[in-house]
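Engineer: So here's my_file.csv, just CSV, C-alpha atoms and all ligand atoms:
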chain,number,residue,atom,x,y,z
U,1,MET,CA,71.6,99.4,119.6
U,2,LYS,CA,71.8,95.6,120.1
U,3,LEU,CA,74.7,93.5,118.8
U,4,VAL,CA,74.8,89.7,118.6
U,5,VAL,CA,78.0,87.7,118.4
U,6,THR,CA,77.8,84.0,117.7
U,7,GLY,CA,80.8,81.9,118.5
U,8,ALA,CA,81.8,84.8,120.8
U,9,LEU,CA,84.2,82.8,123.0
U,10,GLY,CA,86.5,81.7,120.1
U,11,HIS,CA,89.8,83.1,119.0
U,12,ILE,CA,88.4,86.1,117.1
U,13,GLY,CA,85.3,86.5,119.3
U,14,SER,CA,87.1,86.7,122.6
U,15,ALA,CA,89.3,89.5,121.2
U,16,PHE,CA,86.4,91.3,119.4
U,17,ILE,CA,84.2,91.4,122.5
U,18,ARG,CA,87.1,92.9,124.4
U,19,SER,CA,87.4,95.7,121.8
U,20,LEU,CA,83.8,96.9,122.6
U,21,ARG,CA,83.5,100.0,124.8
U,22,PRO,CA,80.7,101.2,127.1
U,23,GLY,CA,78.1,103.3,125.3
U,24,GLU,CA,78.6,101.7,121.9
U,25,PHE,CA,75.7,99.2,122.3
U,26,ASP,CA,72.7,98.9,124.6
U,27,GLU,CA,73.0,95.1,124.7
U,28,VAL,CA,75.7,92.7,123.5
U,29,VAL,CA,74.4,89.1,123.2
U,30,LEU,CA,77.1,86.5,123.3
U,31,LEU,CA,76.1,83.1,122.0
U,32,ASP,CA,78.4,80.0,122.1
U,33,ASN,CA,77.8,76.3,122.7
U,34,LEU,CA,81.0,76.0,124.7
U,35,ARG,CA,81.8,72.9,122.6
U,36,THR,CA,85.4,74.0,122.7
U,37,GLN,CA,85.3,74.7,126.5
U,38,ARG,CA,86.6,78.3,126.2
U,39,TYR,CA,85.2,79.5,129.5
U,40,ALA,CA,88.3,81.7,130.0
U,41,SER,CA,87.0,83.9,127.2
U,42,LEU,CA,84.3,85.1,129.6
U,43,PHE,CA,86.8,86.1,132.3
U,44,HIS,CA,87.4,89.9,132.9
U,45,LEU,CA,85.2,91.2,130.2
U,46,PRO,CA,85.3,95.0,129.8
U,47,GLU,CA,83.4,96.9,132.6
U,48,GLY,CA,80.3,98.7,131.5
U,49,VAL,CA,79.5,96.8,128.3
U,50,PRO,CA,76.0,95.3,128.7
U,51,PHE,CA,76.9,91.6,127.8
U,52,ARG,CA,74.4,88.8,128.0
U,53,PHE,CA,75.8,85.3,127.6
U,54,PHE,CA,73.7,82.4,126.3
U,55,GLU,CA,75.2,78.9,126.2
U,56,GLU,CA,73.3,77.7,123.1
U,57,ASP,CA,74.0,76.0,119.8
U,58,ILE,CA,73.2,77.9,116.6
U,59,LEU,CA,71.6,74.7,115.2
U,60,THR,CA,69.0,74.4,118.0
U,61,ALA,CA,68.7,77.9,119.5
U,62,ASP,CA,65.6,80.1,118.8
U,63,LEU,CA,67.7,82.5,116.8
U,64,ALA,CA,64.9,84.8,115.8
U,65,ARG,CA,64.3,85.4,119.6
U,66,ARG,CA,68.0,86.0,120.2
U,67,PHE,CA,68.3,88.4,117.2
U,68,GLU,CA,65.1,90.3,117.9
U,69,ASP,CA,65.8,94.1,117.7
U,70,ALA,CA,69.5,93.4,116.9
U,71,HIS,CA,71.2,95.9,114.6
U,72,ALA,CA,73.8,93.3,113.5
U,73,VAL,CA,75.0,89.8,114.0
U,74,VAL,CA,78.7,89.0,113.8
U,75,HIS,CA,78.5,85.3,113.0
U,76,LEU,CA,81.7,83.7,114.3
U,77,ALA,CA,80.3,80.3,115.3
U,78,ALA,CA,81.8,77.6,113.1
U,79,PHE,CA,83.7,74.4,112.8
U,80,THR,CA,87.1,76.0,112.2
U,81,ASP,CA,89.7,73.2,111.9
U,82,ALA,CA,90.2,73.1,108.1
U,83,GLY,CA,92.5,70.0,108.4
U,84,ALA,CA,89.9,68.1,110.5
U,85,SER,CA,87.2,68.9,108.0
U,86,PHE,CA,88.5,66.0,105.9
U,87,GLU,CA,87.7,63.6,108.7
U,88,SER,CA,84.4,65.2,109.9
U,89,PRO,CA,82.8,66.6,106.7
U,90,ALA,CA,79.2,66.0,108.0
U,91,GLU,CA,79.8,67.8,111.3
U,92,MET,CA,81.6,70.6,109.6
U,93,GLU,CA,78.8,71.0,107.0
U,94,SER,CA,76.0,71.0,109.6
U,95,VAL,CA,77.6,73.8,111.6
U,96,ASN,CA,79.2,75.8,108.7
U,97,GLY,CA,76.5,75.1,106.1
U,98,GLU,CA,73.1,74.6,107.9
U,99,GLY,CA,74.1,76.7,110.9
U,100,ALA,CA,75.1,79.7,108.8
U,101,GLU,CA,71.9,79.4,106.7
U,102,LYS,CA,69.8,79.3,109.8
U,103,VAL,CA,71.6,82.4,111.1
U,104,ALA,CA,71.1,84.2,107.8
U,105,ARG,CA,67.4,83.3,107.7
U,106,ALA,CA,67.0,84.6,111.3
U,107,CYS,CA,68.7,87.8,110.2
U,108,VAL,CA,66.1,88.2,107.4
U,109,GLU,CA,63.3,87.5,109.8
U,110,THR,CA,64.4,90.1,112.3
U,111,GLY,CA,66.0,92.6,110.0
U,112,ALA,CA,69.4,92.3,111.5
U,113,ARG,CA,72.5,92.9,109.4
U,114,LEU,CA,75.0,90.0,109.0
U,115,ILE,CA,78.8,89.9,109.0
U,116,PHE,CA,79.9,86.6,107.6
U,117,PRO,CA,83.6,85.7,108.0
U,118,SER,CA,84.6,83.6,105.0
U,119,SER,CA,88.3,82.7,104.4
U,120,THR,CA,91.0,83.5,101.9
U,121,SER,CA,91.4,79.7,101.7
U,122,VAL,CA,88.7,79.9,99.0
U,123,TYR,CA,91.4,81.0,96.6
U,124,GLY,CA,94.1,78.8,95.1
U,125,THR,CA,95.4,80.3,91.9
U,126,PRO,CA,99.2,79.9,91.7
U,127,GLU,CA,101.6,82.7,90.8
U,128,THR,CA,99.2,85.6,90.5
U,129,THR,CA,97.7,88.0,92.9
U,130,VAL,CA,94.0,87.1,93.3
U,131,ASP,CA,91.3,89.6,94.2
U,132,GLU,CA,87.6,89.4,94.9
U,133,SER,CA,86.7,89.8,91.2
U,134,CYS,CA,88.7,86.7,90.1
U,135,GLY,CA,85.6,84.6,89.5
U,136,ASP,CA,85.7,80.8,89.2
U,137,ALA,CA,89.2,80.9,87.7
U,138,GLY,CA,90.7,82.1,91.0
U,139,LEU,CA,88.6,80.0,93.3
U,140,ALA,CA,90.0,76.7,94.3
U,141,PRO,CA,89.2,75.6,97.8
U,142,GLN,CA,91.5,72.9,99.0
U,143,THR,CA,89.6,71.6,102.0
U,144,PRO,CA,85.9,70.8,102.7
U,145,TYR,CA,86.0,73.7,105.2
U,146,ALA,CA,87.0,76.2,102.4
U,147,ALA,CA,84.4,74.7,100.0
U,148,SER,CA,81.7,75.2,102.6
U,149,LYS,CA,82.7,78.9,103.0
U,150,LEU,CA,82.1,79.3,99.2
U,151,ARG,CA,78.8,77.6,99.3
U,152,THR,CA,77.6,79.8,102.2
U,153,GLU,CA,78.8,82.9,100.3
U,154,ALA,CA,76.6,81.9,97.4
U,155,PHE,CA,73.7,81.1,99.7
U,156,LEU,CA,73.9,84.6,101.2
U,157,ALA,CA,74.0,86.3,97.8
U,158,ALA,CA,70.8,84.3,96.9
U,159,LEU,CA,69.1,85.2,100.1
U,160,ALA,CA,70.0,88.9,99.6
U,161,ALA,CA,68.4,88.8,96.2
U,162,GLU,CA,65.3,86.8,97.2
U,163,ALA,CA,64.6,88.2,100.7
U,164,GLY,CA,66.6,91.4,101.1
U,165,LEU,CA,69.3,90.0,103.5
U,166,ARG,CA,71.7,92.9,104.4
U,167,HIS,CA,75.2,91.3,104.7
U,168,VAL,CA,78.9,91.6,104.1
U,169,ILE,CA,81.4,88.8,103.4
U,170,LEU,CA,84.9,89.2,104.8
U,171,ARG,CA,87.4,86.7,103.5
U,172,LEU,CA,89.8,86.7,106.4
U,173,GLY,CA,93.5,85.6,106.2
U,174,THR,CA,94.8,83.2,108.7
U,175,ILE,CA,94.7,84.9,112.1
U,176,PHE,CA,97.8,85.5,114.2
U,177,GLY,CA,98.0,87.2,117.6
U,178,PRO,CA,96.9,86.2,121.1
U,179,SER,CA,93.5,86.2,122.7
U,180,PRO,CA,91.9,84.5,125.7
U,181,GLY,CA,90.0,82.1,123.4
U,182,MET,CA,93.0,81.5,121.2
U,183,ARG,CA,93.5,78.2,119.3
U,184,PHE,CA,96.7,76.8,118.0
U,185,HIS,CA,96.0,74.6,114.9
U,186,THR,CA,96.6,77.2,112.3
U,187,ALA,CA,100.1,78.0,111.0
U,188,VAL,CA,101.5,81.0,112.8
U,189,ASN,CA,99.9,80.3,116.3
U,190,LYS,CA,101.0,76.6,116.1
U,191,PHE,CA,104.6,77.6,115.3
U,192,ALA,CA,104.6,80.1,118.2
U,193,TRP,CA,103.3,77.4,120.6
U,194,GLN,CA,105.9,74.9,119.4
U,195,ALA,CA,108.7,77.4,119.6
U,196,CYS,CA,107.7,78.4,123.2
U,197,ARG,CA,107.5,74.7,124.2
U,198,GLY,CA,111.0,74.2,122.8
U,199,GLU,CA,109.7,71.8,120.2
U,200,PRO,CA,110.5,71.6,116.5
U,201,LEU,CA,108.2,73.6,114.3
U,202,THR,CA,106.2,71.1,112.2
U,203,VAL,CA,106.2,72.8,108.7
U,204,TRP,CA,104.3,71.1,105.8
U,205,ARG,CA,107.0,69.7,103.4
U,206,THR,CA,105.6,71.8,100.5
U,207,ALA,CA,105.0,75.0,102.4
U,208,LEU,CA,108.3,76.7,103.3
U,209,ASP,CA,108.3,79.0,100.3
U,210,GLN,CA,104.6,79.2,99.7
U,211,VAL,CA,103.1,82.6,100.0
U,212,ARG,CA,99.8,82.8,102.1
U,213,PRO,CA,97.7,85.6,103.5
U,214,TYR,CA,97.7,86.3,107.2
U,215,LEU,CA,95.6,88.6,109.4
U,216,ASP,CA,96.6,90.3,112.7
U,217,LEU,CA,93.9,89.7,115.3
U,218,ASP,CA,93.6,93.3,116.2
U,219,ASP,CA,93.2,94.2,112.5
U,220,ALA,CA,90.4,91.5,112.3
U,221,CYS,CA,88.6,93.2,115.3
U,222,ALA,CA,89.1,96.6,113.8
U,223,ALA,CA,87.7,95.4,110.4
U,224,LEU,CA,84.6,94.1,112.1
U,225,ARG,CA,84.2,97.4,113.9
U,226,PHE,CA,84.8,99.3,110.7
U,227,VAL,CA,82.0,97.4,108.9
U,228,LEU,CA,79.6,98.2,111.7
U,229,ARG,CA,80.6,101.9,111.9
U,230,ARG,CA,80.4,102.3,108.1
U,231,ASP,CA,77.3,100.2,107.7
U,232,LEU,CA,78.8,98.2,104.9
U,233,PHE,CA,76.0,95.7,104.5
U,234,ALA,CA,75.3,96.0,100.7
U,235,GLY,CA,76.3,92.5,100.0
U,236,GLY,CA,80.0,93.2,99.2
U,237,THR,CA,82.8,90.7,99.5
U,238,TYR,CA,86.2,91.9,100.8
U,239,ASN,CA,89.5,90.3,101.4
U,240,VAL,CA,90.9,91.2,104.9
U,241,LEU,CA,94.6,90.5,105.4
U,242,THR,CA,97.5,92.3,107.1
U,243,CYS,CA,100.1,90.7,104.8
U,244,ASN,CA,101.0,87.9,102.4
U,245,ALA,CA,104.1,86.0,103.6
U,246,THR,CA,106.0,82.8,103.0
U,247,VAL,CA,106.3,80.3,105.9
U,248,ALA,CA,110.0,81.0,105.8
U,249,GLN,CA,109.2,84.6,106.5
U,250,VAL,CA,106.9,83.6,109.4
U,251,LEU,CA,109.8,81.5,110.8
U,252,GLU,CA,112.2,84.4,110.4
U,253,ALA,CA,109.9,86.7,112.3
U,254,LEU,CA,109.5,84.1,115.0
U,255,ARG,CA,113.2,83.6,115.4
U,256,ARG,CA,113.5,87.2,116.4
U,257,HIS,CA,111.6,86.3,119.5
U,258,VAL,CA,112.6,82.7,120.0
U,259,PRO,CA,116.1,82.6,118.5
U,260,ASP,CA,116.7,78.8,118.8
U,261,CYS,CA,113.5,77.6,117.2
U,262,ALA,CA,113.9,75.3,114.1
U,263,PRO,CA,111.6,73.6,111.6
U,264,ARG,CA,111.0,69.9,111.0
U,265,LEU,CA,109.3,69.1,107.6
U,266,VAL,CA,106.2,66.9,107.8
U,267,ASP,CA,103.4,65.6,105.4
U,268,ALA,CA,99.8,66.6,105.8
U,269,ARG,CA,96.6,65.8,104.0
U,270,ALA,CA,95.6,69.4,103.4
U,271,MET,CA,99.1,70.1,102.0
U,272,ASN,CA,99.2,71.4,98.4
U,273,ALA,CA,101.7,73.0,96.1
U,274,LEU,CA,99.8,76.2,95.8
U,275,SER,CA,101.3,79.5,96.6
U,276,PHE,CA,99.0,82.5,96.3
U,277,LEU,CA,99.0,86.2,97.0
U,278,VAL,CA,95.7,87.8,98.0
U,279,SER,CA,95.0,91.4,97.3
U,280,PRO,CA,93.8,93.5,100.3
U,281,GLU,CA,93.2,96.6,98.1
U,282,LYS,CA,89.4,96.6,97.8
U,283,PHE,CA,88.9,96.8,101.6
U,284,LYS,CA,91.7,99.4,101.9
U,285,ALA,CA,90.1,101.5,99.2
U,286,LEU,CA,87.2,102.0,101.6
U,287,GLY,CA,89.6,103.7,104.0
U,288,PHE,CA,90.5,100.8,106.3
U,289,GLU,CA,94.0,101.0,107.7
U,290,TYR,CA,95.9,98.0,108.9
U,291,GLY,CA,98.0,98.4,112.0
U,292,GLY,CA,99.4,95.0,112.7
U,293,SER,CA,102.5,93.1,111.6
U,294,LEU,CA,103.8,89.5,111.8
U,295,ASP,CA,106.7,90.7,113.9
U,296,GLU,CA,104.5,92.4,116.5
U,297,GLY,CA,101.8,89.7,116.5
U,298,LEU,CA,104.5,87.0,117.2
U,299,ARG,CA,106.2,89.2,119.8
U,300,ARG,CA,102.9,89.5,121.7
U,301,THR,CA,102.1,85.7,121.3
U,302,VAL,CA,105.5,84.7,122.6
U,303,GLU,CA,105.0,87.2,125.5
U,304,TRP,CA,101.7,85.5,126.4
U,305,LEU,CA,103.4,82.1,126.3
U,306,ARG,CA,106.6,83.0,128.1
U,307,ASN,CA,107.7,80.5,130.8
U,308,LEU,CA,106.3,77.6,128.9
U,309,ARG,CA,109.6,75.9,128.1
U,310,PRO,CA,110.0,72.5,129.7
U,311,GLU,CA,113.5,73.5,131.0
U,312,ASN,CA,112.0,76.3,133.0
U,313,PRO,CA,112.2,75.5,136.7
U,401,LIG,N1,91.0,82.1,112.9
U,401,LIG,C1,91.3,82.1,111.6
U,401,LIG,O1,92.5,82.0,111.2
U,401,LIG,C2,90.2,82.4,110.6
U,401,LIG,C3,90.6,82.7,109.3
U,401,LIG,C4,89.5,82.9,108.3
U,401,LIG,C5,88.2,82.8,108.7
U,401,LIG,N2,87.9,82.5,110.0
U,401,LIG,C6,86.5,82.4,110.4
U,401,LIG,O2,86.1,83.3,111.4
U,401,LIG,C7,85.1,82.7,112.3
U,401,LIG,C8,85.6,82.7,113.7
U,401,LIG,O3,86.9,82.0,113.8
U,401,LIG,P1,87.6,81.7,115.1
U,401,LIG,O4,89.1,81.5,114.8
U,401,LIG,O5,87.3,82.7,116.1
U,401,LIG,O6,87.0,80.3,115.5
U,401,LIG,P2,87.1,79.5,116.8
U,401,LIG,O7,87.0,78.0,116.5
U,401,LIG,O8,88.2,79.9,117.7
U,401,LIG,O9,85.7,79.9,117.6
U,401,LIG,C9,84.5,79.4,117.1
U,401,LIG,C10,83.6,79.5,118.4
U,401,LIG,O10,82.3,79.0,117.9
U,401,LIG,C11,81.7,78.2,118.9
U,401,LIG,N3,80.8,77.2,118.2
U,401,LIG,C12,81.2,76.2,117.3
U,401,LIG,N4,80.1,75.6,116.9
U,401,LIG,C13,79.0,76.2,117.5
U,401,LIG,C14,77.6,76.0,117.4
U,401,LIG,N5,77.1,75.1,116.7
U,401,LIG,N6,76.8,76.9,118.1
U,401,LIG,C15,77.3,77.8,118.9
U,401,LIG,N7,78.7,78.1,119.0
U,401,LIG,C16,79.5,77.3,118.3
U,401,LIG,C17,82.9,77.5,119.5
U,401,LIG,O11,82.6,77.0,120.8
U,401,LIG,C18,84.0,78.6,119.5
U,401,LIG,O12,84.0,79.3,120.7
U,401,LIG,C19,84.9,81.3,111.7
U,401,LIG,O13,83.8,81.3,110.8
U,401,LIG,C20,86.1,81.0,110.9
U,401,LIG,O14,85.9,80.1,109.9
U,401,LIG,C21,88.9,82.3,111.0
Translate this structure into structure tokens?

Structural biologist:
Amino acid sequence: MKLVVTGALGHIGSAFIRSLRPGEFDEVVLLDNLRTQRYASLFHLPEGVPFRFFEEDILTADLARRFEDAHAVVHLAAFTDAGASFESPAEMESVNGEGAEKVARACVETGARLIFPSSTSVYGTPETTVDESCGDAGLAPQTPYAASKLRTEAFLAALAAEAGLRHVILRLGTIFGPSPGMRFHTAVNKFAWQACRGEPLTVWRTALDQVRPYLDLDDACAALRFVLRRDLFAGGTYNVLTCNATVAQVLEALRRHVPDCAPRLVDARAMNALSFLVSPEKFKALGFEYGGSLDEGLRRTVEWLRNLRPENP
């Protein structure tokens, strides 16, 4: 069986490809344009897994050729800085919109199944717990990035109806936990980086008591593997998150590992007054079990970043 992973060198991809074991796939195609220079994600890949790496852009690659005979495509290539999507909406839309559509069409052409990672940032209903059935009332994307995820979800549903695309949509919470292709512009990772640097933690002024959904990186990889193992490609949409937590709770967990870290409140464009809880129950009801926790994810991240503090000799 052949598996394709686009954006394979990124934060999630670099962990996911390390979760693969010999004998699971006959070929694992890794496709990434190296735009973000994450060469280190290719270091020390697991022995015995038949990887083939292509330095290619999803917008220009011959995807039908790459996906030929593939069982599934895990589509992780994207413009993923939600904050920066205000400044670069065209670039974001070309990769996340056109790019995802091209990937989906190539899946139809080749018969490959598609895992599309959307985001829990498509939600925004204050005060209630939102789930996948909330409809328009619960959907309130706050950034161009989140809005593009919703548009792609709708495109995939239409392509499934018109052309028989087999796909699943996973609305992932904000990832925490270390990987070789890790990035640091999302909340938990950024705080861990700042704490390990001995810098103040730049918390959005409105955010301290807001509840948001977070996803342990190992749980994310396990969820992708679960979908593949269970062949969950009937067009379902699932929230995937390890926990809902306030930023204050994230900081409390971080202080257990870096006791002297402290927040500094700042303003940000993507800031909003919304606090929302996302329900993980639909995916759990399929039998998926979460194993991660904020405390353990932060412990491991701080462990990876040890000896970063400027005062270290
Ligand atoms: N990390 C999170 O917190 C999070 C949360 C929810 C959803 N997601 C989604 O999961 C997916 C993966 O996220 P991630 O955190 O691993 O992202 P990432 O930014 O760490 O990795 C994306 C990878 O895609 C590659 N890439 C970008 N544009 C490309 C292109 N045009 N052609 C080929 N490769 C390209 C980059 O070089 C990078 O290696 C994205 O769709 C993201 O929106 C991530």

Engineer: Do you have, as CSV, the list of residues of region 205-306 of chain U lying at most 12 Å from region 67-89 of chain U, each with its nearest atom pair and that distance in Å to one decimal, counting all atoms listed in the file and ordered by chain then number?

Structural biologist:
residue,atom,partner,partner_atom,distance
U:Ala220,CA,U:Leu76,CA,11.9
U:Cys221,CA,U:Val74,CA,10.9
U:Ala223,CA,U:Val74,CA,11.6
U:Leu224,CA,U:Val74,CA,8.0
U:Arg225,CA,U:Val74,CA,10.0
U:Val227,CA,U:Ala72,CA,10.3
U:Leu228,CA,U:Ala72,CA,7.8
U:Arg229,CA,U:Ala72,CA,11.1
U:Asp231,CA,U:Ala72,CA,9.7
U:Leu232,CA,U:Ala72,CA,11.1
U:Phe233,CA,U:Ala72,CA,9.6
U:Ala268,CA,U:Gly83,CA,8.5
U:Arg269,CA,U:Gly83,CA,7.3
U:Ala270,CA,U:Gly83,CA,5.9
U:Met271,CA,U:Gly83,CA,9.2

Engineer: List as a PDB file with C-alpha atoms, in the frame of the given file the protein and nucleic acid residues near Gly236 (chain U), meaning an atom at most 12 Å away when all atoms listed in the file are counted, but skip any in the same chain fewer than 3 places from it.

Structural biologist:
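New file selection-v8.pdb:
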ATOM      1  CA  LEU U 114      75.000  90.000 109.000  1.00  0.00           C
ATOM      2  CA  ILE U 115      78.800  89.900 109.000  1.00  0.00           C
ATOM      3  CA  PHE U 116      79.900  86.600 107.600  1.00  0.00           C
ATOM      4  CA  GLU U 132      87.600  89.400  94.900  1.00  0.00           C
ATOM      5  CA  SER U 133      86.700  89.800  91.200  1.00  0.00           C
ATOM      6  CA  GLU U 153      78.800  82.900 100.300  1.00  0.00           C
ATOM      7  CA  ALA U 154      76.600  81.900  97.400  1.00  0.00           C
ATOM      8  CA  LEU U 156      73.900  84.600 101.200  1.00  0.00           C
ATOM      9  CA  ALA U 157      74.000  86.300  97.800  1.00  0.00           C
ATOM     10  CA  ALA U 160      70.000  88.900  99.600  1.00  0.00           C
ATOM     11  CA  LEU U 165      69.300  90.000 103.500  1.00  0.00           C
ATOM     12  CA  ARG U 166      71.700  92.900 104.400  1.00  0.00           C
ATOM     13  CA  HIS U 167      75.200  91.300 104.700  1.00  0.00           C
ATOM     14  CA  VAL U 168      78.900  91.600 104.100  1.00  0.00           C
ATOM     15  CA  ILE U 169      81.400  88.800 103.400  1.00  0.00           C
ATOM     16  CA  LEU U 170      84.900  89.200 104.800  1.00  0.00           C
ATOM     17  CA  ARG U 171      87.400  86.700 103.500  1.00  0.00           C
ATOM     18  CA  VAL U 227      82.000  97.400 108.900  1.00  0.00           C
ATOM     19  CA  ASP U 231      77.300 100.200 107.700  1.00  0.00           C
ATOM     20  CA  LEU U 232      78.800  98.200 104.900  1.00  0.00           C
ATOM     21  CA  PHE U 233      76.000  95.700 104.500  1.00  0.00           C
ATOM     22  CA  ASN U 239      89.500  90.300 101.400  1.00  0.00           C
ATOM     23  CA  LYS U 282      89.400  96.600  97.800  1.00  0.00           C
ATOM     24  CA  PHE U 283      88.900  96.800 101.600  1.00  0.00           C
ATOM     25  CA  LEU U 286      87.200 102.000 101.600  1.00  0.00           C
TER      26      LEU U 286
END

Engineer: Can you write out as JSON lines which residues of chain U fall within 6 Å of ligand LIG 401 (chain U), alongside each residue's closest atom pair and its distance in Å to one decimal, counting all atoms listed in the file and ordering rows by chain and ascending residue number?

Structural biologist:
{"residue": "U:Gly7", "atom": "CA", "partner": "U:LIG401", "partner_atom": "O10", "distance": 3.3}
{"residue": "U:Ala8", "atom": "CA", "partner": "U:LIG401", "partner_atom": "O12", "distance": 5.9}
{"residue": "U:Leu9", "atom": "CA", "partner": "U:LIG401", "partner_atom": "O12", "distance": 4.2}
{"residue": "U:Gly10", "atom": "CA", "partner": "U:LIG401", "partner_atom": "O9", "distance": 3.2}
{"residue": "U:His11", "atom": "CA", "partner": "U:LIG401", "partner_atom": "O8", "distance": 3.8}
{"residue": "U:Ile12", "atom": "CA", "partner": "U:LIG401", "partner_atom": "O5", "distance": 3.7}
{"residue": "U:Gly13", "atom": "CA", "partner": "U:LIG401", "partner_atom": "O5", "distance": 5.4}
{"residue": "U:Asp32", "atom": "CA", "partner": "U:LIG401", "partner_atom": "N7", "distance": 3.6}
{"residue": "U:Asn33", "atom": "CA", "partner": "U:LIG401", "partner_atom": "C15", "distance": 4.1}
{"residue": "U:Leu34", "atom": "CA", "partner": "U:LIG401", "partner_atom": "O11", "distance": 4.3}
{"residue": "U:Arg35", "atom": "CA", "partner": "U:LIG401", "partner_atom": "O11", "distance": 4.5}
{"residue": "U:Thr36", "atom": "CA", "partner": "U:LIG401", "partner_atom": "O11", "distance": 4.5}
{"residue": "U:Glu56", "atom": "CA", "partner": "U:LIG401", "partner_atom": "C15", "distance": 5.8}
{"residue": "U:Asp57", "atom": "CA", "partner": "U:LIG401", "partner_atom": "N6", "distance": 3.4}
{"residue": "U:Ile58", "atom": "CA", "partner": "U:LIG401", "partner_atom": "N6", "distance": 4.0}
{"residue": "U:Leu59", "atom": "CA", "partner": "U:LIG401", "partner_atom": "N5", "distance": 5.7}
{"residue": "U:Leu76", "atom": "CA", "partner": "U:LIG401", "partner_atom": "C7", "distance": 4.1}
{"residue": "U:Ala77", "atom": "CA", "partner": "U:LIG401", "partner_atom": "O10", "distance": 3.5}
{"residue": "U:Ala78", "atom": "CA", "partner": "U:LIG401", "partner_atom": "C12", "distance": 4.5}
{"residue": "U:Phe79", "atom": "CA", "partner": "U:LIG401", "partner_atom": "C12", "distance": 5.5}
{"residue": "U:Thr80", "atom": "CA", "partner": "U:LIG401", "partner_atom": "O7", "distance": 4.7}
{"residue": "U:Val95", "atom": "CA", "partner": "U:LIG401", "partner_atom": "N5", "distance": 5.3}
{"residue": "U:Pro117", "atom": "CA", "partner": "U:LIG401", "partner_atom": "O2", "distance": 4.9}
{"residue": "U:Ser118", "atom": "CA", "partner": "U:LIG401", "partner_atom": "C5", "distance": 5.2}
{"residue": "U:Ser119", "atom": "CA", "partner": "U:LIG401", "partner_atom": "C4", "distance": 4.1}
{"residue": "U:Leu172", "atom": "CA", "partner": "U:LIG401", "partner_atom": "C4", "distance": 4.3}
{"residue": "U:Gly173", "atom": "CA", "partner": "U:LIG401", "partner_atom": "C3", "distance": 5.1}
{"residue": "U:Thr174", "atom": "CA", "partner": "U:LIG401", "partner_atom": "O1", "distance": 3.6}
{"residue": "U:Ile175", "atom": "CA", "partner": "U:LIG401", "partner_atom": "O1", "distance": 3.7}
{"residue": "U:Arg183", "atom": "CA", "partner": "U:LIG401", "partner_atom": "O8", "distance": 5.8}

Engineer: What is the distance between CA of Val188 (chain U) and CA of Val250 (chain U), in Å to one decimal?

Structural biologist: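 About the pair CA of Val188 (chain U) and CA of Val250 (chain U): they are 6.9 Å apart.
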
Engineer: With all atoms listed in the file as the basis for distance, which of U:Ala245, U:Ala192, U:Met1, U:Cys261 is at the shortest distance from Arg299 (chain U)?

Structural biologist: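 The answer is U:Ala192, which sits nearest to Arg299 (chain U).
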
Engineer: Could you work out how far CA of Pro46 (chain U) lies from CA of Ile17 (chain U), giving the answer in Å with one decimal?

Structural biologist: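 Separation between CA of Ile17 (chain U) and CA of Pro46 (chain U): 8.2 Å.
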
Engineer: For CA of Asp267 (chain U) and CA of Ala146 (chain U), determine how far apart the two atoms are, in Å to one decimal place.

Structural biologist: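 Those two atoms sit 19.8 Å apart.
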
Engineer: Can you pull out every residue within 12 Å of Tyr290 (chain U), counting only C-alpha atoms, but drop anything in the same chain fewer than 3 positions away, and send it as a PyMOL selection string?

Structural biologist: chain U and resi 214-223+226+240-243+280-281+283-285+287+293-294

Engineer: Next, write the just-selected residues to a file, as a PDB file, in the coordinates of the input, keeping C-alpha atoms as the atom set.

Structural biologist:
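Below is the file that was written, result13.pdb:
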ATOM      1  CA  TYR U 214      97.700  86.300 107.200  1.00  0.00           C
ATOM      2  CA  LEU U 215      95.600  88.600 109.400  1.00  0.00           C
ATOM      3  CA  ASP U 216      96.600  90.300 112.700  1.00  0.00           C
ATOM      4  CA  LEU U 217      93.900  89.700 115.300  1.00  0.00           C
ATOM      5  CA  ASP U 218      93.600  93.300 116.200  1.00  0.00           C
ATOM      6  CA  ASP U 219      93.200  94.200 112.500  1.00  0.00           C
ATOM      7  CA  ALA U 220      90.400  91.500 112.300  1.00  0.00           C
ATOM      8  CA  CYS U 221      88.600  93.200 115.300  1.00  0.00           C
ATOM      9  CA  ALA U 222      89.100  96.600 113.800  1.00  0.00           C
ATOM     10  CA  ALA U 223      87.700  95.400 110.400  1.00  0.00           C
ATOM     11  CA  PHE U 226      84.800  99.300 110.700  1.00  0.00           C
ATOM     12  CA  VAL U 240      90.900  91.200 104.900  1.00  0.00           C
ATOM     13  CA  LEU U 241      94.600  90.500 105.400  1.00  0.00           C
ATOM     14  CA  THR U 242      97.500  92.300 107.100  1.00  0.00           C
ATOM     15  CA  CYS U 243     100.100  90.700 104.800  1.00  0.00           C
ATOM     16  CA  PRO U 280      93.800  93.500 100.300  1.00  0.00           C
ATOM     17  CA  GLU U 281      93.200  96.600  98.100  1.00  0.00           C
ATOM     18  CA  PHE U 283      88.900  96.800 101.600  1.00  0.00           C
ATOM     19  CA  LYS U 284      91.700  99.400 101.900  1.00  0.00           C
ATOM     20  CA  ALA U 285      90.100 101.500  99.200  1.00  0.00           C
ATOM     21  CA  GLY U 287      89.600 103.700 104.000  1.00  0.00           C
ATOM     22  CA  SER U 293     102.500  93.100 111.600  1.00  0.00           C
ATOM     23  CA  LEU U 294     103.800  89.500 111.800  1.00  0.00           C
TER      24      LEU U 294
END

Engineer: Give me the residues near Arg300 (chain U) as a list in words, where near means some atom within 7 Å (using all atoms listed in the file) and where sequence neighbours in that chain fewer than 4 positions away do not count.

Structural biologist: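 The neighbour list is Gly177, Pro178, Glu296 and Trp304 of chain U.
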